[in-house]
>>> print(open('input_34.cif').read())   # mmCIF, C-alpha atoms
data_model
loop_
_atom_site.group_PDB
_atom_site.id
_atom_site.type_symbol
_atom_site.label_atom_id
_atom_site.label_comp_id
_atom_site.auth_asym_id
_atom_site.auth_seq_id
_atom_site.Cartn_x
_atom_site.Cartn_y
_atom_site.Cartn_z
ATOM 1 C CA MET A 272 -33.569 15.071 51.976
ATOM 2 C CA LYS A 273 -31.563 11.898 51.492
ATOM 3 C CA PHE A 274 -32.338 12.003 47.727
ATOM 4 C CA LEU A 275 -31.153 15.619 47.522
ATOM 5 C CA LYS A 276 -27.816 14.750 49.187
ATOM 6 C CA MET A 277 -27.242 11.812 46.826
ATOM 7 C CA SER A 278 -28.119 13.965 43.785
ATOM 8 C CA THR A 279 -25.745 16.705 44.886
ATOM 9 C CA THR A 280 -22.984 14.204 45.605
ATOM 10 C CA ARG A 281 -23.595 12.462 42.289
ATOM 11 C CA ASN A 282 -23.537 15.791 40.406
ATOM 12 C CA ILE A 283 -20.296 16.826 42.078
ATOM 13 C CA GLY A 284 -18.758 13.431 41.292
ATOM 14 C CA PHE A 285 -19.926 13.638 37.692
ATOM 15 C CA THR A 286 -18.550 17.179 37.318
ATOM 16 C CA ILE A 287 -15.170 16.194 38.773
ATOM 17 C CA GLY A 288 -15.042 13.097 36.541
ATOM 18 C CA ALA A 289 -15.916 15.113 33.443
ATOM 19 C CA ALA A 290 -13.285 17.730 34.294
ATOM 20 C CA MET A 291 -10.649 15.016 34.769
ATOM 21 C CA MET A 292 -11.518 13.399 31.425
ATOM 22 C CA LEU A 293 -11.335 16.771 29.682
ATOM 23 C CA PHE A 294 -7.933 17.426 31.266
ATOM 24 C CA ILE A 295 -6.638 13.966 30.340
ATOM 25 C CA PHE A 296 -7.717 14.262 26.712
ATOM 26 C CA SER A 297 -6.535 17.853 26.323
ATOM 27 C CA SER A 298 -3.144 17.192 27.924
ATOM 28 C CA CYS A 299 -2.455 14.111 25.809
ATOM 29 C CA SER A 300 -2.469 15.760 22.426
ATOM 30 C CA HIS A 301 -2.668 19.150 20.782
ATOM 31 C CA LYS A 302 -3.775 19.801 17.208
ATOM 32 C CA ILE A 303 -2.581 23.096 15.770
ATOM 33 C CA SER A 304 -3.286 24.539 12.328
ATOM 34 C CA PHE A 305 -0.582 26.175 10.250
ATOM 35 C CA GLN A 306 -1.063 29.888 9.624
ATOM 36 C CA LYS A 307 -1.919 31.016 6.092
ATOM 37 C CA SER A 308 1.155 31.022 3.858
ATOM 38 C CA THR A 309 2.268 34.015 1.805
ATOM 39 C CA VAL A 310 4.710 31.810 -0.146
ATOM 40 C CA VAL A 311 2.191 29.082 -1.083
ATOM 41 C CA PRO A 312 -1.233 30.632 -0.315
ATOM 42 C CA ALA A 313 -3.226 27.457 -1.086
ATOM 43 C CA ALA A 314 -1.186 25.365 1.370
ATOM 44 C CA GLN A 315 -2.867 24.322 4.569
ATOM 45 C CA GLY A 316 -2.180 21.771 7.229
ATOM 46 C CA THR A 317 -2.129 20.730 10.832
ATOM 47 C CA VAL A 318 0.384 19.632 13.430
ATOM 48 C CA LYS A 319 -0.573 17.114 16.088
ATOM 49 C CA ILE A 320 1.659 16.816 19.143
ATOM 50 C CA LYS A 321 1.240 14.062 21.698
ATOM 51 C CA LYS A 322 3.391 13.409 24.746
ATOM 52 C CA ASP A 323 4.028 9.697 25.300
ATOM 53 C CA LYS A 324 4.629 7.729 28.502
ATOM 54 C CA ASN A 325 8.411 8.189 28.121
ATOM 55 C CA ASP A 326 8.036 11.999 28.096
ATOM 56 C CA ASN A 327 8.862 12.178 24.383
ATOM 57 C CA TYR A 328 6.793 14.214 21.944
ATOM 58 C CA ARG A 329 5.258 12.536 18.875
ATOM 59 C CA ILE A 330 4.892 15.115 16.108
ATOM 60 C CA SER A 331 2.564 14.368 13.190
ATOM 61 C CA ILE A 332 2.100 16.795 10.305
ATOM 62 C CA SER A 333 -0.460 16.663 7.524
ATOM 63 C CA VAL A 334 -0.274 19.183 4.650
ATOM 64 C CA ASN A 335 -2.554 19.745 1.639
ATOM 65 C CA ASP A 336 -2.093 21.835 -1.516
ATOM 66 C CA LEU A 337 1.634 22.356 -0.993
ATOM 67 C CA ALA A 338 3.188 23.163 -4.371
ATOM 68 C CA LYS A 339 6.250 21.237 -5.484
ATOM 69 C CA PRO A 340 9.349 23.129 -4.339
ATOM 70 C CA LYS A 341 10.688 23.359 -7.903
ATOM 71 C CA ARG A 342 7.684 25.583 -8.738
ATOM 72 C CA LEU A 343 8.647 28.197 -6.143
ATOM 73 C CA GLN A 344 10.474 31.404 -7.034
ATOM 74 C CA PRO A 345 13.379 30.797 -6.640
ATOM 75 C CA ALA A 346 13.032 27.071 -7.219
ATOM 76 C CA LYS A 347 14.058 24.793 -4.338
ATOM 77 C CA SER A 348 14.552 21.035 -4.112
ATOM 78 C CA THR A 349 12.835 20.111 -0.831
ATOM 79 C CA TYR A 350 10.761 21.156 2.151
ATOM 80 C CA VAL A 351 12.376 20.857 5.587
ATOM 81 C CA VAL A 352 10.466 20.731 8.879
ATOM 82 C CA TRP A 353 11.865 22.697 11.823
ATOM 83 C CA MET A 354 11.015 22.876 15.496
ATOM 84 C CA ASP A 355 11.555 25.686 17.999
ATOM 85 C CA THR A 356 12.136 23.957 21.335
ATOM 86 C CA ASP A 357 11.512 24.982 24.918
ATOM 87 C CA LYS A 358 15.322 25.232 25.264
ATOM 88 C CA ASN A 359 15.502 28.115 22.713
ATOM 89 C CA ARG A 360 16.941 25.859 20.003
ATOM 90 C CA ILE A 361 15.855 25.432 16.410
ATOM 91 C CA LYS A 362 16.153 21.843 15.185
ATOM 92 C CA ASN A 363 15.912 20.358 11.703
ATOM 93 C CA ILE A 364 13.547 17.432 12.312
ATOM 94 C CA GLY A 365 13.230 16.129 8.763
ATOM 95 C CA GLN A 366 11.872 16.380 5.242
ATOM 96 C CA ILE A 367 8.214 16.437 4.168
ATOM 97 C CA ASN A 368 7.256 13.235 2.307
ATOM 98 C CA SER A 369 4.140 11.802 0.704
ATOM 99 C CA SER A 370 3.059 8.204 0.337
ATOM 100 C CA THR A 371 3.542 8.216 -3.445
ATOM 101 C CA GLY A 372 6.721 10.186 -3.889
ATOM 102 C CA PHE A 373 7.966 13.543 -2.706
ATOM 103 C CA LEU A 374 4.624 15.242 -3.225
ATOM 104 C CA SER A 375 1.772 13.267 -4.713
ATOM 105 C CA SER A 376 -0.251 14.506 -7.672
ATOM 106 C CA LYS A 377 -2.938 15.475 -5.146
ATOM 107 C CA LEU A 378 -0.360 17.634 -3.335
ATOM 108 C CA LYS A 379 -0.836 15.874 -0.018
ATOM 109 C CA ALA A 380 2.083 15.188 2.263
ATOM 110 C CA SER A 381 2.696 13.971 5.778
ATOM 111 C CA PHE A 382 5.487 13.816 8.310
ATOM 112 C CA GLU A 383 6.007 12.027 11.631
ATOM 113 C CA THR A 384 8.816 12.049 14.146
ATOM 114 C CA VAL A 385 9.517 11.757 17.869
ATOM 115 C CA SER A 386 11.533 14.274 19.866
ATOM 116 C CA SER A 387 12.727 14.443 23.451
ATOM 117 C CA PHE A 388 12.541 18.252 23.193
ATOM 118 C CA LYS A 389 9.257 20.005 23.902
ATOM 119 C CA PRO A 390 8.125 21.805 20.728
ATOM 120 C CA ILE A 391 7.088 25.441 21.017
ATOM 121 C CA ARG A 392 6.544 26.131 17.294
ATOM 122 C CA ILE A 393 6.753 24.081 14.087
ATOM 123 C CA PHE A 394 7.599 25.582 10.709
ATOM 124 C CA ILE A 395 8.471 24.414 7.193
ATOM 125 C CA THR A 396 11.015 26.020 4.874
ATOM 126 C CA ALA A 397 11.878 25.500 1.223
ATOM 127 C CA GLU A 398 15.527 24.455 0.910
ATOM 128 C CA ASP A 399 18.124 23.148 -1.554
ATOM 129 C CA ASP A 400 19.486 20.545 0.897
ATOM 130 C CA THR A 401 17.827 18.415 3.597
ATOM 131 C CA ALA A 402 20.918 18.238 5.811
ATOM 132 C CA ILE A 403 21.204 21.953 6.567
ATOM 133 C CA GLN A 404 21.661 23.042 10.171
ATOM 134 C CA TYR A 405 19.881 26.417 10.049
ATOM 135 C CA PRO A 406 16.644 27.373 8.294
ATOM 136 C CA GLY A 407 16.699 29.567 5.211
ATOM 137 C CA MET A 408 14.585 32.649 4.749
ATOM 138 C CA GLU A 409 11.792 30.949 2.717
ATOM 139 C CA VAL A 410 9.319 30.007 5.482
ATOM 140 C CA VAL A 411 6.433 28.289 3.718
ATOM 141 C CA LEU A 412 4.218 27.318 6.670
ATOM 142 C CA SER A 413 4.392 28.082 10.371
ATOM 143 C CA THR A 414 2.318 27.565 13.477
ATOM 144 C CA GLY A 415 2.073 30.205 16.129
ATOM 145 C CA ASN A 416 3.734 29.480 19.453
ATOM 146 C CA PHE A 417 1.907 26.867 21.530
#
>>> encode(input="input_34.cif", output="structure tokens")
Amino acid sequence: MKFLKMSTTRNIGFTIGAAMMLFIFSSCSHKISFQKSTVVPAAQGTVKIKKDKNDNYRISISVNDLAKPKRLQPAKSTYVVWMDTDKNRIKNIGQINSSTGFLSSKLKASFETVSSFKPIRIFITAEDDTAIQYPGMEVVLSTGNF
């Protein structure tokens, strides 16, 4: 009887511990895939969002097979990353870059930033200028709402 009580207590403790670990790891970071693009069908990528101890959000983007913007129709000069926030705002959070130039010959690019706003959706547009305040109509990649 004593063994049965200890086993039950141990199982409950293990289950609670496992649930807490799952919650901790799932609440720390989210990895979201971009939806398939109609503008650049081969493009694919992910967005990783992690909340830090200061309640800021670290946003990391990795993209593969993204064509150079000059090859689009109409041709553009850059890709701009945007964020829909929990405050119903759309913010320009930067330009997609690669480690060996704007887009490497392998068409891989990455992006990282930190925001105090909670992101609801991330999307990338093709633009002529990086300093624009509102996104154009050429949405290249987008996540769903998260």
>>> atom_distance(input="input_34.cif", atom1="CA of Val334 in chain A", atom2="CA of Leu378 in chain A")
8.1 Å
>>> resolve_selection(input="input_34.cif", expression="the PyMOL selection byres ((chain A and resi 299-306) around 10)", output="number ranges by chain")
A: 294-298, 307-309, 312, 314-324, 328-334, 392-395, 411-417
>>> residues_around(input="input_34.cif", residues="range 338-347 of chain A", least_positions_apart="3", cutoff="7 Å", atoms="all atoms listed in the file", output="ChimeraX atom specification")
/A:311,350,374,378,397-399
>>> resolve_selection(input="input_34.cif", expression="the PyMOL selection byres ((chain A and resi 401) around 8)", output="ChimeraX atom specification")
/A:349-351,365-366,398-400,402-403
>>> resolve_selection(input="input_34.cif", expression="the PyMOL selection byres ((chain A and resi 390) around 8)", output="PyMOL selection string")
chain A and resi 328+354-357+388-389+391-393
>>> atom_distance(input="input_34.cif", atom1="CA of Asn363 in chain A", atom2="CA of Thr384 in chain A")
11.2 Å
>>> decode(input="input_34.cif", residues="range 375-403 of chain A", atoms="N, CA, C and O atoms", output="mmCIF file, in the first residue's frame")
data_model
loop_
_atom_site.group_PDB
_atom_site.id
_atom_site.type_symbol
_atom_site.label_atom_id
_atom_site.label_comp_id
_atom_site.auth_asym_id
_atom_site.auth_seq_id
_atom_site.Cartn_x
_atom_site.Cartn_y
_atom_site.Cartn_z
ATOM 1 N N SER A 375 22.145 36.316 -51.128
ATOM 2 C CA SER A 375 23.297 35.546 -51.572
ATOM 3 C C SER A 375 22.955 34.766 -52.836
ATOM 4 O O SER A 375 21.806 34.659 -53.231
ATOM 5 N N SER A 376 23.973 34.191 -53.463
ATOM 6 C CA SER A 376 23.745 33.403 -54.670
ATOM 7 C C SER A 376 22.899 32.167 -54.366
ATOM 8 O O SER A 376 22.285 31.603 -55.247
ATOM 9 N N LYS A 377 22.859 31.753 -53.111
ATOM 10 C CA LYS A 377 22.038 30.610 -52.714
ATOM 11 C C LYS A 377 20.621 31.049 -52.344
ATOM 12 O O LYS A 377 19.817 30.242 -51.917
ATOM 13 N N LEU A 378 20.349 32.328 -52.461
ATOM 14 C CA LEU A 378 19.033 32.908 -52.188
ATOM 15 C C LEU A 378 18.561 32.637 -50.762
ATOM 16 O O LEU A 378 17.405 32.340 -50.513
ATOM 17 N N LYS A 379 19.484 32.758 -49.828
ATOM 18 C CA LYS A 379 19.153 32.629 -48.415
ATOM 19 C C LYS A 379 19.299 33.995 -47.764
ATOM 20 O O LYS A 379 20.227 34.725 -48.065
ATOM 21 N N ALA A 380 18.377 34.308 -46.899
ATOM 22 C CA ALA A 380 18.424 35.599 -46.215
ATOM 23 C C ALA A 380 17.913 35.428 -44.793
ATOM 24 O O ALA A 380 17.192 34.484 -44.484
ATOM 25 N N SER A 381 18.315 36.372 -43.951
ATOM 26 C CA SER A 381 17.856 36.337 -42.562
ATOM 27 C C SER A 381 17.603 37.751 -42.072
ATOM 28 O O SER A 381 18.035 38.728 -42.688
ATOM 29 N N PHE A 382 16.920 37.822 -40.952
ATOM 30 C CA PHE A 382 16.556 39.115 -40.368
ATOM 31 C C PHE A 382 16.355 38.915 -38.875
ATOM 32 O O PHE A 382 15.777 37.907 -38.455
ATOM 33 N N GLU A 383 16.824 39.863 -38.076
ATOM 34 C CA GLU A 383 16.594 39.829 -36.628
ATOM 35 C C GLU A 383 16.341 41.236 -36.123
ATOM 36 O O GLU A 383 16.976 42.185 -36.573
ATOM 37 N N THR A 384 15.416 41.333 -35.180
ATOM 38 C CA THR A 384 15.142 42.605 -34.530
ATOM 39 C C THR A 384 14.482 42.339 -33.177
ATOM 40 O O THR A 384 14.106 41.211 -32.876
ATOM 41 N N VAL A 385 14.340 43.388 -32.401
ATOM 42 C CA VAL A 385 13.652 43.320 -31.108
ATOM 43 C C VAL A 385 12.574 44.402 -31.122
ATOM 44 O O VAL A 385 12.811 45.514 -31.585
ATOM 45 N N SER A 386 11.409 44.064 -30.596
ATOM 46 C CA SER A 386 10.306 45.017 -30.548
ATOM 47 C C SER A 386 9.628 44.966 -29.189
ATOM 48 O O SER A 386 9.501 43.906 -28.582
ATOM 49 N N SER A 387 9.183 46.129 -28.728
ATOM 50 C CA SER A 387 8.416 46.167 -27.481
ATOM 51 C C SER A 387 6.948 45.832 -27.749
ATOM 52 O O SER A 387 6.196 45.550 -26.832
ATOM 53 N N PHE A 388 6.542 45.871 -29.027
ATOM 54 C CA PHE A 388 5.175 45.534 -29.404
ATOM 55 C C PHE A 388 5.043 44.028 -29.582
ATOM 56 O O PHE A 388 5.944 43.381 -30.108
ATOM 57 N N LYS A 389 3.909 43.488 -29.193
ATOM 58 C CA LYS A 389 3.653 42.064 -29.393
ATOM 59 C C LYS A 389 3.239 41.829 -30.844
ATOM 60 O O LYS A 389 2.255 42.401 -31.308
ATOM 61 N N PRO A 390 3.979 41.001 -31.581
ATOM 62 C CA PRO A 390 3.606 40.741 -32.976
ATOM 63 C C PRO A 390 2.407 39.802 -33.075
ATOM 64 O O PRO A 390 2.283 38.858 -32.309
ATOM 65 N N ILE A 391 1.533 40.102 -34.010
ATOM 66 C CA ILE A 391 0.363 39.281 -34.291
ATOM 67 C C ILE A 391 0.536 38.573 -35.635
ATOM 68 O O ILE A 391 0.079 37.458 -35.825
ATOM 69 N N ARG A 392 1.221 39.223 -36.571
ATOM 70 C CA ARG A 392 1.483 38.675 -37.899
ATOM 71 C C ARG A 392 2.727 39.344 -38.439
ATOM 72 O O ARG A 392 2.957 40.525 -38.192
ATOM 73 N N ILE A 393 3.535 38.599 -39.194
ATOM 74 C CA ILE A 393 4.721 39.137 -39.858
ATOM 75 C C ILE A 393 4.527 38.948 -41.353
ATOM 76 O O ILE A 393 4.072 37.888 -41.799
ATOM 77 N N PHE A 394 4.870 39.977 -42.138
ATOM 78 C CA PHE A 394 4.817 39.815 -43.587
ATOM 79 C C PHE A 394 5.928 40.617 -44.251
ATOM 80 O O PHE A 394 6.514 41.520 -43.661
ATOM 81 N N ILE A 395 6.244 40.230 -45.487
ATOM 82 C CA ILE A 395 7.340 40.833 -46.249
ATOM 83 C C ILE A 395 6.772 41.353 -47.560
ATOM 84 O O ILE A 395 6.037 40.640 -48.248
ATOM 85 N N THR A 396 7.115 42.596 -47.894
ATOM 86 C CA THR A 396 6.686 43.180 -49.164
ATOM 87 C C THR A 396 7.895 43.545 -50.004
ATOM 88 O O THR A 396 8.989 43.747 -49.487
ATOM 89 N N ALA A 397 7.674 43.631 -51.311
ATOM 90 C CA ALA A 397 8.695 44.113 -52.235
ATOM 91 C C ALA A 397 8.458 45.606 -52.411
ATOM 92 O O ALA A 397 7.335 46.032 -52.695
ATOM 93 N N GLU A 398 9.514 46.404 -52.213
ATOM 94 C CA GLU A 398 9.372 47.861 -52.227
ATOM 95 C C GLU A 398 10.507 48.519 -53.005
ATOM 96 O O GLU A 398 11.532 47.898 -53.273
ATOM 97 N N ASP A 399 10.316 49.806 -53.324
ATOM 98 C CA ASP A 399 11.360 50.605 -53.972
ATOM 99 C C ASP A 399 12.208 51.362 -52.960
ATOM 100 O O ASP A 399 13.277 51.849 -53.292
ATOM 101 N N ASP A 400 11.721 51.479 -51.707
ATOM 102 C CA ASP A 400 12.421 52.254 -50.687
ATOM 103 C C ASP A 400 12.269 51.569 -49.336
ATOM 104 O O ASP A 400 11.175 51.102 -48.993
ATOM 105 N N THR A 401 13.338 51.506 -48.553
ATOM 106 C CA THR A 401 13.273 50.847 -47.241
ATOM 107 C C THR A 401 12.638 51.712 -46.160
ATOM 108 O O THR A 401 12.198 51.199 -45.145
ATOM 109 N N ALA A 402 12.580 53.009 -46.376
ATOM 110 C CA ALA A 402 12.103 53.927 -45.337
ATOM 111 C C ALA A 402 10.614 54.251 -45.439
ATOM 112 O O ALA A 402 10.145 55.185 -44.804
ATOM 113 N N ILE A 403 9.864 53.467 -46.188
ATOM 114 C CA ILE A 403 8.438 53.770 -46.336
ATOM 115 C C ILE A 403 7.693 53.499 -45.040
ATOM 116 O O ILE A 403 8.118 52.689 -44.214
#
